[in-house]
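**Q** File model-v4.pdb follows (PDB, C-alpha atoms):
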```pdb
MODEL        1
ATOM      1  CA  GLN J   1     191.248  60.531 126.231
ATOM      2  CA  THR J   2     194.503  58.638 126.599
ATOM      3  CA  PRO J   3     194.034  54.932 125.900
ATOM      4  CA  ARG J   4     194.488  52.718 128.918
ATOM      5  CA  LYS J   5     197.505  50.436 128.767
ATOM      6  CA  GLN J   6     196.463  46.836 128.342
ATOM      7  CA  VAL J   7     198.504  44.560 130.566
ATOM      8  CA  ILE J   8     199.035  41.064 129.204
ATOM      9  CA  ALA J   9     197.789  38.563 131.756
ATOM     10  CA  ALA J  10     199.361  35.658 129.897
ATOM     11  CA  THR J  11     203.046  34.963 130.425
ATOM     12  CA  SER J  12     203.976  34.505 126.771
ATOM     13  CA  CYS J  13     204.382  36.735 123.725
ATOM     14  CA  GLN J  14     205.870  33.809 121.829
ATOM     15  CA  GLU J  15     205.650  34.375 118.058
ATOM     16  CA  MET J  16     203.270  37.289 118.683
ATOM     17  CA  PHE J  17     204.113  39.016 115.391
ATOM     18  CA  LYS J  18     205.713  36.017 113.661
ATOM     19  CA  ILE J  19     205.630  36.010 109.854
ATOM     20  CA  LYS J  20     203.798  39.340 109.741
ATOM     21  CA  SER J  21     205.853  40.168 106.664
ATOM     22  CA  ASN J  22     203.542  43.036 105.720
ATOM     23  CA  LEU J  23     204.222  44.980 108.927
ATOM     24  CA  ILE J  24     206.334  48.095 108.409
ATOM     25  CA  SER J  25     205.928  49.429 111.963
ATOM     26  CA  ILE J  26     204.678  48.236 115.354
ATOM     27  CA  ASP J  27     203.283  50.413 118.123
ATOM     28  CA  PHE J  28     202.973  48.629 121.458
ATOM     29  CA  ASN J  29     202.913  51.684 123.706
ATOM     30  CA  ASN J  30     199.607  50.511 125.166
ATOM     31  CA  LEU J  31     200.719  46.928 125.664
ATOM     32  CA  GLY J  32     201.913  46.008 129.154
ATOM     33  CA  THR J  33     204.347  43.073 129.217
ATOM     34  CA  SER J  34     205.386  43.002 132.867
ATOM     35  CA  ASN J  35     203.989  39.470 133.281
ATOM     36  CA  VAL J  36     205.635  38.026 130.185
ATOM     37  CA  ILE J  37     208.392  35.436 130.572
ATOM     38  CA  ASN J  38     208.550  34.154 126.984
ATOM     39  CA  MET J  39     209.311  36.420 123.998
ATOM     40  CA  SER J  40     210.767  33.740 121.756
ATOM     41  CA  GLY J  41     210.152  34.444 118.076
ATOM     42  CA  MET J  42     208.223  37.593 118.954
ATOM     43  CA  PHE J  43     209.196  39.503 115.778
ATOM     44  CA  GLU J  44     210.314  36.509 113.724
ATOM     45  CA  GLY J  45     209.752  36.927 110.004
ATOM     46  CA  CYS J  46     208.843  40.636 110.158
ATOM     47  CA  THR J  47     210.910  41.115 107.028
ATOM     48  CA  ARG J  48     209.736  44.660 106.211
ATOM     49  CA  LEU J  49     210.433  46.288 109.578
ATOM     50  CA  THR J  50     213.157  48.909 109.109
ATOM     51  CA  ALA J  51     213.062  50.184 112.692
ATOM     52  CA  LEU J  52     211.847  48.879 116.020
ATOM     53  CA  ASP J  53     211.307  50.952 119.175
ATOM     54  CA  LEU J  54     211.582  48.570 122.111
ATOM     55  CA  THR J  55     211.139  51.270 124.759
ATOM     56  CA  PRO J  56     207.572  50.272 125.780
ATOM     57  CA  LEU J  57     208.535  46.660 126.488
ATOM     58  CA  ASP J  58     208.886  45.581 130.111
ATOM     59  CA  THR J  59     211.151  42.524 129.951
ATOM     60  CA  GLN J  60     212.198  42.248 133.587
ATOM     61  CA  ASN J  61     210.652  38.774 133.921
ATOM     62  CA  VAL J  62     211.524  37.392 130.491
ATOM     63  CA  THR J  63     213.633  34.231 130.485
ATOM     64  CA  ASN J  64     213.375  33.232 126.817
ATOM     65  CA  MET J  65     214.329  35.509 123.910
ATOM     66  CA  SER J  66     215.154  32.726 121.469
ATOM     67  CA  GLY J  67     214.684  33.930 117.879
ATOM     68  CA  MET J  68     213.168  37.195 119.060
ATOM     69  CA  PHE J  69     214.361  39.148 115.973
ATOM     70  CA  ASN J  70     214.890  36.171 113.687
ATOM     71  CA  SER J  71     214.691  37.111 109.977
ATOM     72  CA  CYS J  72     214.007  40.810 110.569
ATOM     73  CA  GLU J  73     215.863  41.296 107.324
ATOM     74  CA  SER J  74     215.238  45.016 106.803
ATOM     75  CA  LEU J  75     216.465  46.253 110.186
ATOM     76  CA  THR J  76     219.567  48.385 109.694
ATOM     77  CA  SER J  77     219.959  49.242 113.376
ATOM     78  CA  LEU J  78     218.654  47.865 116.641
ATOM     79  CA  ASP J  79     218.719  49.703 119.970
ATOM     80  CA  LEU J  80     218.720  47.055 122.694
ATOM     81  CA  SER J  81     219.062  49.488 125.607
ATOM     82  CA  PRO J  82     215.374  49.284 126.656
ATOM     83  CA  LEU J  83     215.645  45.538 127.254
ATOM     84  CA  ASN J  84     216.120  44.150 130.746
ATOM     85  CA  THR J  85     217.708  40.738 130.191
ATOM     86  CA  LYS J  86     218.891  39.924 133.705
ATOM     87  CA  ASN J  87     216.685  36.800 133.856
ATOM     88  CA  VAL J  88     217.136  35.625 130.280
ATOM     89  CA  THR J  89     218.656  32.155 129.894
ATOM     90  CA  ASP J  90     217.998  31.508 126.207
ATOM     91  CA  MET J  91     219.350  33.842 123.500
ATOM     92  CA  SER J  92     219.645  31.226 120.770
ATOM     93  CA  TRP J  93     218.711  32.464 117.283
ATOM     94  CA  ILE J  94     217.964  35.945 118.701
ATOM     95  CA  PHE J  95     219.592  37.894 115.825
ATOM     96  CA  SER J  96     219.664  35.135 113.222
ATOM     97  CA  SER J  97     219.231  36.231 109.592
ATOM     98  CA  CYS J  98     219.167  39.937 110.487
ATOM     99  CA  VAL J  99     221.041  40.479 107.249
ATOM    100  CA  GLY J 100     220.644  44.275 107.262
ATOM    101  CA  LEU J 101     222.610  44.813 110.470
ATOM    102  CA  SER J 102     226.236  45.802 109.911
ATOM    103  CA  SER J 103     226.893  45.939 113.663
ATOM    104  CA  ILE J 104     225.076  45.113 116.894
ATOM    105  CA  ASP J 105     225.728  46.970 120.147
ATOM    106  CA  LEU J 106     225.555  44.209 122.752
ATOM    107  CA  SER J 107     226.536  46.425 125.674
ATOM    108  CA  PRO J 108     222.946  46.858 126.996
ATOM    109  CA  LEU J 109     222.472  43.093 127.330
ATOM    110  CA  ASP J 110     222.892  41.388 130.688
ATOM    111  CA  THR J 111     223.942  37.834 129.781
ATOM    112  CA  ASN J 112     224.959  36.691 133.259
ATOM    113  CA  ASN J 113     222.328  33.924 133.278
ATOM    114  CA  VAL J 114     222.370  32.953 129.610
ATOM    115  CA  THR J 115     223.026  29.259 128.967
ATOM    116  CA  ASP J 116     222.292  29.033 125.227
ATOM    117  CA  THR J 117     223.864  31.232 122.516
ATOM    118  CA  SER J 118     223.557  28.685 119.702
ATOM    119  CA  PHE J 119     222.722  30.194 116.300
ATOM    120  CA  MET J 120     222.814  33.634 117.960
ATOM    121  CA  PHE J 121     224.268  35.434 114.910
ATOM    122  CA  TYR J 122     223.353  32.716 112.396
ATOM    123  CA  GLY J 123     223.134  34.097 108.855
ATOM    124  CA  CYS J 124     224.010  37.677 109.830
ATOM    125  CA  THR J 125     225.773  38.123 106.505
ATOM    126  CA  GLY J 126     225.781  41.929 106.745
ATOM    127  CA  LEU J 127     227.814  42.110 109.960
ATOM    128  CA  LYS J 128     231.117  43.915 109.421
ATOM    129  CA  THR J 129     232.116  44.206 113.079
ATOM    130  CA  LEU J 130     231.055  42.414 116.239
ATOM    131  CA  ASP J 131     232.232  43.401 119.705
ATOM    132  CA  LEU J 132     231.673  40.483 122.084
ATOM    133  CA  THR J 133     233.285  42.212 125.065
ATOM    134  CA  PRO J 134     229.984  43.007 126.857
ATOM    135  CA  MET J 135     228.926  39.375 126.953
ATOM    136  CA  ASN J 136     229.291  37.197 130.047
ATOM    137  CA  THR J 137     229.215  33.605 128.786
ATOM    138  CA  SER J 138     230.309  31.837 131.958
ATOM    139  CA  LYS J 139     227.039  29.845 132.146
ATOM    140  CA  VAL J 140     226.717  29.092 128.433
ATOM    141  CA  VAL J 141     226.671  25.378 127.591
ATOM    142  CA  THR J 142     226.214  25.544 123.821
ATOM    143  CA  MET J 143     227.664  27.830 121.147
ATOM    144  CA  GLN J 144     226.639  25.577 118.273
ATOM    145  CA  GLN J 145     226.662  27.510 114.967
ATOM    146  CA  MET J 146     226.868  30.764 116.928
ATOM    147  CA  PHE J 147     228.585  32.635 114.053
ATOM    148  CA  TYR J 148     227.359  30.452 111.183
ATOM    149  CA  ASP J 149     227.515  32.282 107.827
ATOM    150  CA  CYS J 150     228.727  35.593 109.261
ATOM    151  CA  SER J 151     230.396  35.906 105.886
ATOM    152  CA  GLY J 152     231.067  39.652 106.170
ATOM    153  CA  LEU J 153     233.287  39.421 109.252
ATOM    154  CA  THR J 154     236.994  39.723 108.495
ATOM    155  CA  SER J 155     238.013  39.497 112.159
ATOM    156  CA  LEU J 156     236.514  38.252 115.395
ATOM    157  CA  ASP J 157     237.941  38.876 118.859
ATOM    158  CA  LEU J 158     237.005  35.951 121.113
ATOM    159  CA  THR J 159     239.158  36.824 124.120
ATOM    160  CA  SER J 160     236.165  37.890 126.219
ATOM    161  CA  LEU J 161     234.308  34.595 125.777
ATOM    162  CA  ASP J 162     234.249  32.322 128.820
ATOM    163  CA  THR J 163     233.804  28.784 127.469
ATOM    164  CA  ARG J 164     234.615  26.731 130.536
ATOM    165  CA  ASN J 165     231.107  25.197 130.591
ATOM    166  CA  VAL J 166     230.500  24.957 126.855
ATOM    167  CA  MET J 167     229.818  21.447 125.526
ATOM    168  CA  GLY J 168     228.760  22.155 121.932
ATOM    169  CA  MET J 169     230.825  24.031 119.322
ATOM    170  CA  SER J 170     229.615  22.284 116.172
ATOM    171  CA  GLY J 171     229.588  24.643 113.189
ATOM    172  CA  MET J 172     230.598  27.561 115.422
ATOM    173  CA  PHE J 173     232.447  29.413 112.621
ATOM    174  CA  GLN J 174     230.986  27.532 109.667
ATOM    175  CA  GLY J 175     230.579  29.710 106.591
ATOM    176  CA  CYS J 176     232.680  32.607 107.931
ATOM    177  CA  LYS J 177     234.227  32.931 104.494
ATOM    178  CA  SER J 178     236.038  36.237 105.104
ATOM    179  CA  LEU J 179     237.823  35.407 108.377
ATOM    180  CA  ILE J 180     241.566  35.445 107.753
ATOM    181  CA  ASN J 181     242.943  35.055 111.280
ATOM    182  CA  LEU J 182     241.284  33.255 114.172
ATOM    183  CA  ASP J 183     242.722  33.329 117.672
ATOM    184  CA  LEU J 184     241.258  30.566 119.826
ATOM    185  CA  SER J 185     244.002  30.726 122.444
ATOM    186  CA  SER J 186     241.631  32.061 125.106
ATOM    187  CA  LEU J 187     239.040  29.312 124.651
ATOM    188  CA  ASN J 188     238.653  26.539 127.209
ATOM    189  CA  THR J 189     237.329  23.357 125.596
ATOM    190  CA  GLN J 190     237.600  20.965 128.555
ATOM    191  CA  LYS J 191     233.856  20.128 128.423
ATOM    192  CA  VAL J 192     233.335  20.295 124.650
ATOM    193  CA  THR J 193     232.021  17.054 123.144
ATOM    194  CA  SER J 194     231.410  18.146 119.539
ATOM    195  CA  MET J 195     233.262  20.338 117.029
ATOM    196  CA  ASN J 196     231.799  18.878 113.845
ATOM    197  CA  SER J 197     232.031  21.345 110.921
ATOM    198  CA  MET J 198     233.459  23.993 113.249
ATOM    199  CA  PHE J 199     235.557  25.557 110.438
ATOM    200  CA  LEU J 200     233.647  24.296 107.398
ATOM    201  CA  ASP J 201     233.722  26.790 104.497
ATOM    202  CA  CYS J 202     236.108  29.156 106.286
ATOM    203  CA  ASP J 203     237.745  29.547 102.896
ATOM    204  CA  SER J 204     240.001  32.525 103.709
ATOM    205  CA  LEU J 205     241.330  31.264 107.035
ATOM    206  CA  SER J 206     245.129  31.396 106.952
ATOM    207  CA  THR J 207     246.250  31.536 110.596
ATOM    208  CA  LEU J 208     244.885  29.700 113.611
ATOM    209  CA  SER J 209     246.100  30.165 117.180
ATOM    210  CA  ILE J 210     245.244  27.701 119.944
ATOM    211  CA  GLY J 211     246.081  27.841 123.640
ATOM    212  CA  GLU J 212     246.884  25.450 126.449
ATOM    213  CA  LYS J 213     243.208  24.912 127.336
ATOM    214  CA  PHE J 214     242.116  24.305 123.759
ATOM    215  CA  ALA J 215     241.942  20.804 122.305
ATOM    216  CA  PHE J 216     240.388  19.639 119.052
ATOM    217  CA  VAL J 217     237.494  17.219 119.519
ATOM    218  CA  GLY J 218     236.884  14.453 117.004
ATOM    219  CA  THR J 219     238.184  14.617 113.428
ATOM    220  CA  TYR J 220     235.464  16.347 111.438
ATOM    221  CA  TYR J 221     236.045  19.953 112.429
ATOM    222  CA  ASN J 222     236.893  20.748 108.786
ATOM    223  CA  LEU J 223     239.874  23.071 108.742
ATOM    224  CA  PRO J 224     240.497  24.238 105.144
ATOM    225  CA  SER J 225     242.400  21.652 103.110
ATOM    226  CA  ASP J 226     246.072  22.590 102.884
ATOM    227  CA  THR J 227     249.381  22.338 104.671
ATOM    228  CA  TRP J 228     249.490  24.141 108.017
ATOM    229  CA  TYR J 229     252.837  25.080 109.599
ATOM    230  CA  SER J 230     253.559  25.522 113.282
ATOM    231  CA  SER J 231     255.787  28.341 114.506
ATOM    232  CA  ASN J 232     258.852  26.079 114.293
ATOM    233  CA  GLY J 233     258.069  25.080 110.704
ATOM    234  CA  THR J 234     256.590  21.641 111.344
ATOM    235  CA  ALA J 235     254.073  20.798 108.621
ATOM    236  CA  TYR J 236     250.610  19.394 109.332
ATOM    237  CA  ILE J 237     248.088  18.284 106.747
ATOM    238  CA  SER J 238     244.369  18.978 106.603
ATOM    239  CA  ASN J 239     242.303  17.203 103.968
ATOM    240  CA  GLY J 240     239.096  18.970 104.963
ATOM    241  CA  ASN J 241     237.758  16.127 107.077
ATOM    242  CA  SER J 242     240.739  15.213 109.231
ATOM    243  CA  CYS J 243     243.800  17.168 110.302
ATOM    244  CA  THR J 244     247.142  16.204 111.825
ATOM    245  CA  ILE J 245     247.536  19.364 113.932
ATOM    246  CA  PRO J 246     247.990  18.091 117.511
ATOM    247  CA  SER J 247     245.190  18.702 119.965
ATOM    248  CA  ASP J 248     247.388  19.513 122.928
ATOM    249  CA  LYS J 249     250.008  21.908 121.601
ATOM    250  CA  ALA J 250     249.503  25.638 122.039
ATOM    251  CA  ASP J 251     250.843  27.428 118.983
ATOM    252  CA  THR J 252     249.973  29.515 115.950
ATOM    253  CA  TYR J 253     249.517  27.560 112.742
ATOM    254  CA  THR J 254     249.837  29.168 109.321
ATOM    255  CA  ARG J 255     248.269  27.852 106.157
ATOM    256  CA  LYS J 256     250.467  27.891 103.057
TER     257      LYS J 256
ENDMDL
END
```
Give the structure from the file, written as structure tokens.
**A**
Amino acid sequence: QTPRKQVIAATSCQEMFKIKSNLISIDFNNLGTSNVINMSGMFEGCTRLTALDLTPLDTQNVTNMSGMFNSCESLTSLDLSPLNTKNVTDMSWIFSSCVGLSSIDLSPLDTNNVTDTSFMFYGCTGLKTLDLTPMNTSKVVTMQQMFYDCSGLTSLDLTSLDTRNVMGMSGMFQGCKSLINLDLSSLNTQKVTSMNSMFLDCDSLSTLSIGEKFAFVGTYYNLPSDTWYSSNGTAYISNGNSCTIPSDKADTYTRK
């Protein structure tokens, strides 16, 4: 006799499998989640999971996926196509510390209502490529530490990011040790109030492009210490804490 699917009456699966480090597989075919609105931290700390079939999950009413796959260190691939994310507003920490993922296909995700992408790829040291094109970030208000310690990325195309409503960019690229070129010319920072440590430990960064709608905020955004030259050869100094590059001049600056 086929087991009857058990529909969850509660609205939360928050931390349902959190820190179940001994789990090597999860079968939730008989678990109905149509009523669930909160899946934050659902698989957090499931460090031994090497694969995860999300097909049985009904996520049409979920609004919170914060930290959903946080620290799923052994995942080498993740098929997000079964997820319905049209109502999700919080994707902070969702893939953080998924160190086994070399890429993440974001195309199945509907991010039209997402307001929080902070720490989204935090500690994803295994990422080699990241295509952000599928993401709609027009409602996002914080990108704090979004790419923190993505130390395996050598390039990052940000042209698809809509940052017109973003207020927080602290530590956004902190620890991206392998990034050589960073083009910020498409970013709009008119509402940003904090950029502290934005480029801290970006040791390989050698060129930085900024556009007409980009302005540095504060002084502690931590560009690598060195002399940076504008396209006309004007020299600007960064001592790690403060930098003399102007905040209102679109140009490409080269570190020498």
**Q** What is the CA of Leu52 in chain J to CA of Lys139 in chain J distance in Å?
**A**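 CA of Leu52 in chain J sits 29.2 Å away from CA of Lys139 in chain J.
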**Q** If we count all atoms listed in the file and set the cut-off at 12 Å, which residues sit around Gly175 in chain J, ignoring sequence neighbours fewer than 3 positions away in its own chain? Please answer as a ChimeraX atom specification.
**A** /J:121-125,145-153,171-172,178-179,197-205,222-224
**Q** Please write the residues from the selection above to a file, keeping C-alpha atoms, as a short mmCIF file (atom, residue, chain, number, x, y, z; two decimals), in the frame of the given file.
**A**
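The result, written out as again-v2.cif:
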```cif
data_model
loop_
_atom_site.label_atom_id
_atom_site.label_comp_id
_atom_site.auth_asym_id
_atom_site.auth_seq_id
_atom_site.Cartn_x
_atom_site.Cartn_y
_atom_site.Cartn_z
CA PHE J 121 224.27 35.43 114.91
CA TYR J 122 223.35 32.72 112.40
CA GLY J 123 223.13 34.10 108.86
CA CYS J 124 224.01 37.68 109.83
CA THR J 125 225.77 38.12 106.50
CA GLN J 145 226.66 27.51 114.97
CA MET J 146 226.87 30.76 116.93
CA PHE J 147 228.58 32.64 114.05
CA TYR J 148 227.36 30.45 111.18
CA ASP J 149 227.52 32.28 107.83
CA CYS J 150 228.73 35.59 109.26
CA SER J 151 230.40 35.91 105.89
CA GLY J 152 231.07 39.65 106.17
CA LEU J 153 233.29 39.42 109.25
CA GLY J 171 229.59 24.64 113.19
CA MET J 172 230.60 27.56 115.42
CA SER J 178 236.04 36.24 105.10
CA LEU J 179 237.82 35.41 108.38
CA SER J 197 232.03 21.34 110.92
CA MET J 198 233.46 23.99 113.25
CA PHE J 199 235.56 25.56 110.44
CA LEU J 200 233.65 24.30 107.40
CA ASP J 201 233.72 26.79 104.50
CA CYS J 202 236.11 29.16 106.29
CA ASP J 203 237.74 29.55 102.90
CA SER J 204 240.00 32.52 103.71
CA LEU J 205 241.33 31.26 107.04
CA ASN J 222 236.89 20.75 108.79
CA LEU J 223 239.87 23.07 108.74
CA PRO J 224 240.50 24.24 105.14
#
```
**Q** Which residues of range 112-218 of chain J sit at most 12 Å from range 56-67 of chain J, using all atoms listed in the file? Give each one's shortest atom pair and distance in Å (one decimal place), in chain and ascending residue order, as a Markdown table.
**A**
```
| residue | atom | partner | partner_atom | distance |
| --- | --- | --- | --- | --- |
| J:Asn112 | CA | J:Thr63 | CA | 11.9 |
| J:Asn113 | CA | J:Thr63 | CA | 9.1 |
| J:Val114 | CA | J:Thr63 | CA | 8.9 |
| J:Thr115 | CA | J:Asn64 | CA | 10.7 |
| J:Asp116 | CA | J:Ser66 | CA | 8.9 |
| J:Thr117 | CA | J:Ser66 | CA | 8.9 |
| J:Ser118 | CA | J:Ser66 | CA | 9.5 |
| J:Phe119 | CA | J:Gly67 | CA | 9.0 |
| J:Met120 | CA | J:Gly67 | CA | 8.1 |
| J:Phe121 | CA | J:Gly67 | CA | 10.1 |
| J:Tyr122 | CA | J:Gly67 | CA | 10.3 |
```
**Q** Please, could you write that set of residues out with C-alpha atoms as an mmCIF file, in the coordinates of the input?
**A**
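Writing the result to result_7.cif gives the following:
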```cif
data_model
loop_
_atom_site.group_PDB
_atom_site.id
_atom_site.type_symbol
_atom_site.label_atom_id
_atom_site.label_comp_id
_atom_site.auth_asym_id
_atom_site.auth_seq_id
_atom_site.Cartn_x
_atom_site.Cartn_y
_atom_site.Cartn_z
ATOM 1 C CA ASN J 112 224.959 36.691 133.259
ATOM 2 C CA ASN J 113 222.328 33.924 133.278
ATOM 3 C CA VAL J 114 222.370 32.953 129.610
ATOM 4 C CA THR J 115 223.026 29.259 128.967
ATOM 5 C CA ASP J 116 222.292 29.033 125.227
ATOM 6 C CA THR J 117 223.864 31.232 122.516
ATOM 7 C CA SER J 118 223.557 28.685 119.702
ATOM 8 C CA PHE J 119 222.722 30.194 116.300
ATOM 9 C CA MET J 120 222.814 33.634 117.960
ATOM 10 C CA PHE J 121 224.268 35.434 114.910
ATOM 11 C CA TYR J 122 223.353 32.716 112.396
#
```
**Q** Name the residues that the PyMOL selection byres ((chain J and resi 243) around 12) picks from the file above, as a list in words, using the file's chain letters and numbers.
**A**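 Evaluating the PyMOL selection byres ((chain J and resi 243) around 12) on these coordinates yields Phe199, Phe216, Val217, Gly218, Thr219, Tyr220, Tyr221, Asn222, Leu223, Pro224, Ser225, Asp226, Thr227, Trp228, Ala235, Tyr236, Ile237, Ser238, Asn239, Gly240, Asn241, Ser242, Thr244, Ile245, Pro246 and Ser247 of chain J.
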**Q** May I ask for the distance between CA of Ser185 in chain J and CA of Met135 in chain J, given in Å to one decimal place?
**A**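 Atom-to-atom, CA of Ser185 in chain J to CA of Met135 in chain J, that is 18.0 Å.
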**Q** Between CA of Thr252 in chain J and CA of Ser186 in chain J, what distance in Å does the model show, to one decimal?
**A**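 Going from CA of Thr252 in chain J over to CA of Ser186 in chain J, I get 12.6 Å.
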**Q** When distances are computed from all atoms listed in the file, which of J:Val141, J:Met39, J:Leu127, J:Met167 shows the smallest separation from Ser97 in chain J?
**A**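 Looking at the shortest contact to Ser97 in chain J, the residue is J:Leu127.
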**Q** Which residues are close to Leu158 in chain J, i.e. within 9 Å by only C-alpha atoms, leaving aside same-chain residues fewer than 2 positions away? Reply as a list in words.
**A**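 Contacts, in chain order: Asp131, Leu132, Thr133, Leu156, Ser160, Leu161, Asp162, Leu182, Asp183, Leu184, Ser185, Ser186 and Leu187 of chain J.
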**Q** Since I can't run it myself right now, could you work out what the PyMOL selection byres ((chain J and resi 78) around 8) selects here and report it as a list in words?
**A**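 Taken over the shown coordinates, the PyMOL selection byres ((chain J and resi 78) around 8) returns Ala51, Leu52, Leu75, Thr76, Ser77, Asp79, Leu80, Leu101, Ile104 and Asp105 of chain J.
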